[in-house]
Amino acid sequence: MSSLWPARIFCALTALSLAACGQQPQQAAPPPPAVTVAKPVQQTVTDFDEYVGRFVAVSNVEVRARVSGYLDKVHFQDGQIVKEGDSLFTIDPRPFQNTLAQVQANLSQAKANLAFAEADLGRGQQLVRDKTITEQTFDQRTQSFRSAQASVAANEAAVKQAELDLAFTELKAQISGRIGDRRVAPGNLVTGGTTGTTTLLATIVSTDPIRFEFTVDEASYLRYERILKSSNDASARGKGIAVKLKLIDEKGFDHNGKIDFIDNVIDRQSGTIRGRALVDNPTGLFTPGMFARIQVPGSRPYQALLVPDEAVGTDQARKFVFVVNADNTVVQKYVTLGQLVDGKLRVVQEGLAPEDRVIVNGMVRARNGIKVTPQDAGAKPQQGTPGAAPAAGK
């Protein structure tokens, strides 16, 4: 029996050792995660609609000759900027100079004939009173005087036409703008006149200011009309409304313009109406035919709640924000969003209250229903009436 005690003692010690190894100290629960919260910003915003359109020149002039002749000189480089009144082409003026000299000589002869006929008529007036000449002879002198007057008038008109033809040999720019390439080289015959067979020499398009044309769908047009009718600008039909534009390689709408025309009919095939804006183009960056996007005010200014765009999450097709309530519990709120303002703040149309504390930093640590340690975001974004960009283009 004494031989069993060591075995029993060994088994007891082994059991106690195994029991001691199985006991683990209890760990403390982790503290609530820290998040940054801020109340929605309240400020005045305006909804904007976005459209695609093209730039078009205010003026487009085809340079054509008014007289026929051989092209003598070209006074510009292809594609350069020209000013109104600059000389562009010269047609050989020598035939027109000769014609002018000839009609001027004819005018001098007609004036000499008029002077003689006037003097002859003056003498005839006294002679007919003295019965020295007959009435028929006096009538003939009167007729000669009137014919001489008509001849002078005809020759004066011929001189003016010849002077015009000579002036037309020097083709000048009718507008300021950018000229295209020359269509005819010096030495070629140019056909002038006022018919459709005249020779096209070049084209000039104005560059500053420039117009931007776009189309608006019928539903949006009706919305704009109702907005205008509720204001004092109903008679102007949107003229003077400020718009913003951006080019295809730009991120922001940094160019300003004003609406200057709305068409008077809606296109039957497309159901759209044409609008036009006038844009300053001092650097010549905008070129006729270039595509761009335009922002048109789509509402009257109104008060809205805005949150940082990064504070908005996506749950399948729905948008939400995390809000911290009074007992620091996270609540998930589904919201209806509007446009993006200044590229940072997102308009919340529905689902949020002004007093809500929205999680703006630490969303990855937040879950619906958990406790958090909220920290105030500090200074609010600067308030004002910013420009805005739509969430989706039209």
# chains A, B, ... in the order shown; residues from 1 in each chain; ligands from 1
>>> select_by_dssp(residues="segment 58-99 of chain A", states="strand (DSSP E or B)", output="MDAnalysis selection string")
chainID A and resid 60:64 69:74 81:82 87:91
>>> write_last_selection(atoms="N, CA and C atoms", output="compact mmCIF listing (two decimals), in the first residue's frame")
# COMPACT_ATOMS: atom_id res chain seq x y z
N ASN A 60 -18.43 86.21 -88.68
CA ASN A 60 -17.69 85.36 -89.60
C ASN A 60 -17.77 86.00 -90.98
N VAL A 61 -16.63 86.43 -91.51
CA VAL A 61 -16.61 87.19 -92.77
C VAL A 61 -15.81 86.42 -93.81
N GLU A 62 -16.40 86.27 -95.00
CA GLU A 62 -15.68 85.72 -96.14
C GLU A 62 -15.07 86.87 -96.95
N VAL A 63 -13.78 86.80 -97.16
CA VAL A 63 -13.09 87.83 -97.93
C VAL A 63 -13.18 87.47 -99.41
N ARG A 64 -13.94 88.28 -100.16
CA ARG A 64 -14.11 88.08 -101.60
C ARG A 64 -13.84 89.39 -102.32
N GLY A 69 -9.54 90.76 -111.48
CA GLY A 69 -8.18 91.11 -111.85
C GLY A 69 -7.22 90.06 -111.34
N TYR A 70 -5.94 90.30 -111.59
CA TYR A 70 -4.91 89.37 -111.15
C TYR A 70 -4.44 89.75 -109.76
N LEU A 71 -4.37 88.73 -108.87
CA LEU A 71 -3.92 88.98 -107.50
C LEU A 71 -2.44 89.34 -107.51
N ASP A 72 -2.15 90.48 -106.89
CA ASP A 72 -0.78 91.00 -106.93
C ASP A 72 -0.01 90.69 -105.65
N LYS A 73 -0.61 90.95 -104.47
CA LYS A 73 0.13 90.78 -103.21
C LYS A 73 -0.79 90.23 -102.13
N VAL A 74 -0.17 89.54 -101.15
CA VAL A 74 -0.84 89.08 -99.93
C VAL A 74 -0.10 89.69 -98.76
N ILE A 81 -3.69 86.99 -86.27
CA ILE A 81 -4.73 87.90 -85.80
C ILE A 81 -4.63 89.19 -86.62
N VAL A 82 -5.75 89.61 -87.18
CA VAL A 82 -5.79 90.86 -87.95
C VAL A 82 -6.76 91.82 -87.28
N SER A 87 -4.77 95.79 -94.28
CA SER A 87 -4.73 95.38 -95.69
C SER A 87 -4.43 93.89 -95.78
N LEU A 88 -5.21 93.18 -96.59
CA LEU A 88 -5.07 91.72 -96.71
C LEU A 88 -4.56 91.30 -98.09
N PHE A 89 -5.20 91.78 -99.16
CA PHE A 89 -4.84 91.43 -100.52
C PHE A 89 -4.78 92.69 -101.37
N THR A 90 -3.97 92.62 -102.44
CA THR A 90 -3.92 93.69 -103.43
C THR A 90 -4.08 93.08 -104.81
N ILE A 91 -5.11 93.53 -105.52
CA ILE A 91 -5.31 93.15 -106.91
C ILE A 91 -4.60 94.18 -107.79
>>> select_by_dssp(residues="segment 224-267 of chain A", states="helix (DSSP H, G or I)", output="PyMOL selection string")
chain A and resi 224-229+234-236
>>> write_last_selection(atoms="C-alpha atoms", output="PDB file, in the first residue's frame")
ATOM      1  CA  TYR A 224     -36.478  78.007 -66.148  1.00  0.00           C
ATOM      2  CA  GLU A 225     -39.522  79.819 -67.506  1.00  0.00           C
ATOM      3  CA  ARG A 226     -41.413  79.362 -64.239  1.00  0.00           C
ATOM      4  CA  ILE A 227     -38.424  80.600 -62.256  1.00  0.00           C
ATOM      5  CA  LEU A 228     -38.188  83.681 -64.473  1.00  0.00           C
ATOM      6  CA  LYS A 229     -41.916  84.379 -64.259  1.00  0.00           C
ATOM      7  CA  ALA A 234     -39.562  87.586 -67.032  1.00  0.00           C
ATOM      8  CA  SER A 235     -39.494  90.016 -69.979  1.00  0.00           C
ATOM      9  CA  ALA A 236     -35.731  89.522 -70.503  1.00  0.00           C
TER      10      ALA A 236
END
>>> closest_atom_pairs(of="segment 55-155 of chain A", to="segment 283-302 of chain A", cutoff="9 Å", atoms="only C-alpha atoms", output="JSON lines")
{"residue": "A:Phe55", "atom": "CA", "partner": "A:Pro288", "partner_atom": "CA", "distance": 4.8}
{"residue": "A:Val56", "atom": "CA", "partner": "A:Pro288", "partner_atom": "CA", "distance": 4.5}
{"residue": "A:Ala57", "atom": "CA", "partner": "A:Pro288", "partner_atom": "CA", "distance": 5.6}
>>> residues_around(residues="Gly180 of chain A", least_positions_apart="2", cutoff="6 Å", atoms="only C-alpha atoms", output="VMD selection string")
chain A and resid 78 to 79 203
>>> write_last_selection(atoms="C-alpha atoms", output="PDB file, in the first residue's frame")
ATOM      1  CA  ASP A  78      -1.912  82.366 -92.580  1.00  0.00           C
ATOM      2  CA  GLY A  79      -3.722  82.099 -89.244  1.00  0.00           C
ATOM      3  CA  THR A 203     -12.192  83.854 -94.043  1.00  0.00           C
TER       4      THR A 203
END
>>> residues_around(residues="Thr272 of chain A", least_positions_apart="6", cutoff="7 Å", atoms="only C-alpha atoms", output="ChimeraX atom specification")
/A:215-218,266
>>> closest_residue(among="A:Gln269, A:Thr99, A:Gln316, A:Asn281", to="Gly257 of chain A", atoms="only C-alpha atoms")
A:Asn281
>>> closest_residue(among="A:Ser270, A:Ala154, A:Val159, A:Leu121", to="Arg141 of chain A", atoms="only C-alpha atoms")
A:Leu121
>>> residues_around(residues="Gly338 of chain A", least_positions_apart="5", cutoff="7 Å", atoms="only C-alpha atoms", output="PDB file with C-alpha atoms, in the first residue's frame")
ATOM      1  CA  ARG A 346     -22.232  68.009 -50.527  1.00  0.00           C
ATOM      2  CA  VAL A 347     -25.786  69.353 -50.293  1.00  0.00           C
ATOM      3  CA  VAL A 348     -28.103  67.120 -48.204  1.00  0.00           C
ATOM      4  CA  GLN A 349     -31.676  67.592 -49.370  1.00  0.00           C
TER       5      GLN A 349
END
>>> closest_residue(among="A:Asp260, A:Glu156, A:Asp92, A:Asp139", to="Phe168 of chain A", atoms="only C-alpha atoms")
A:Asp92
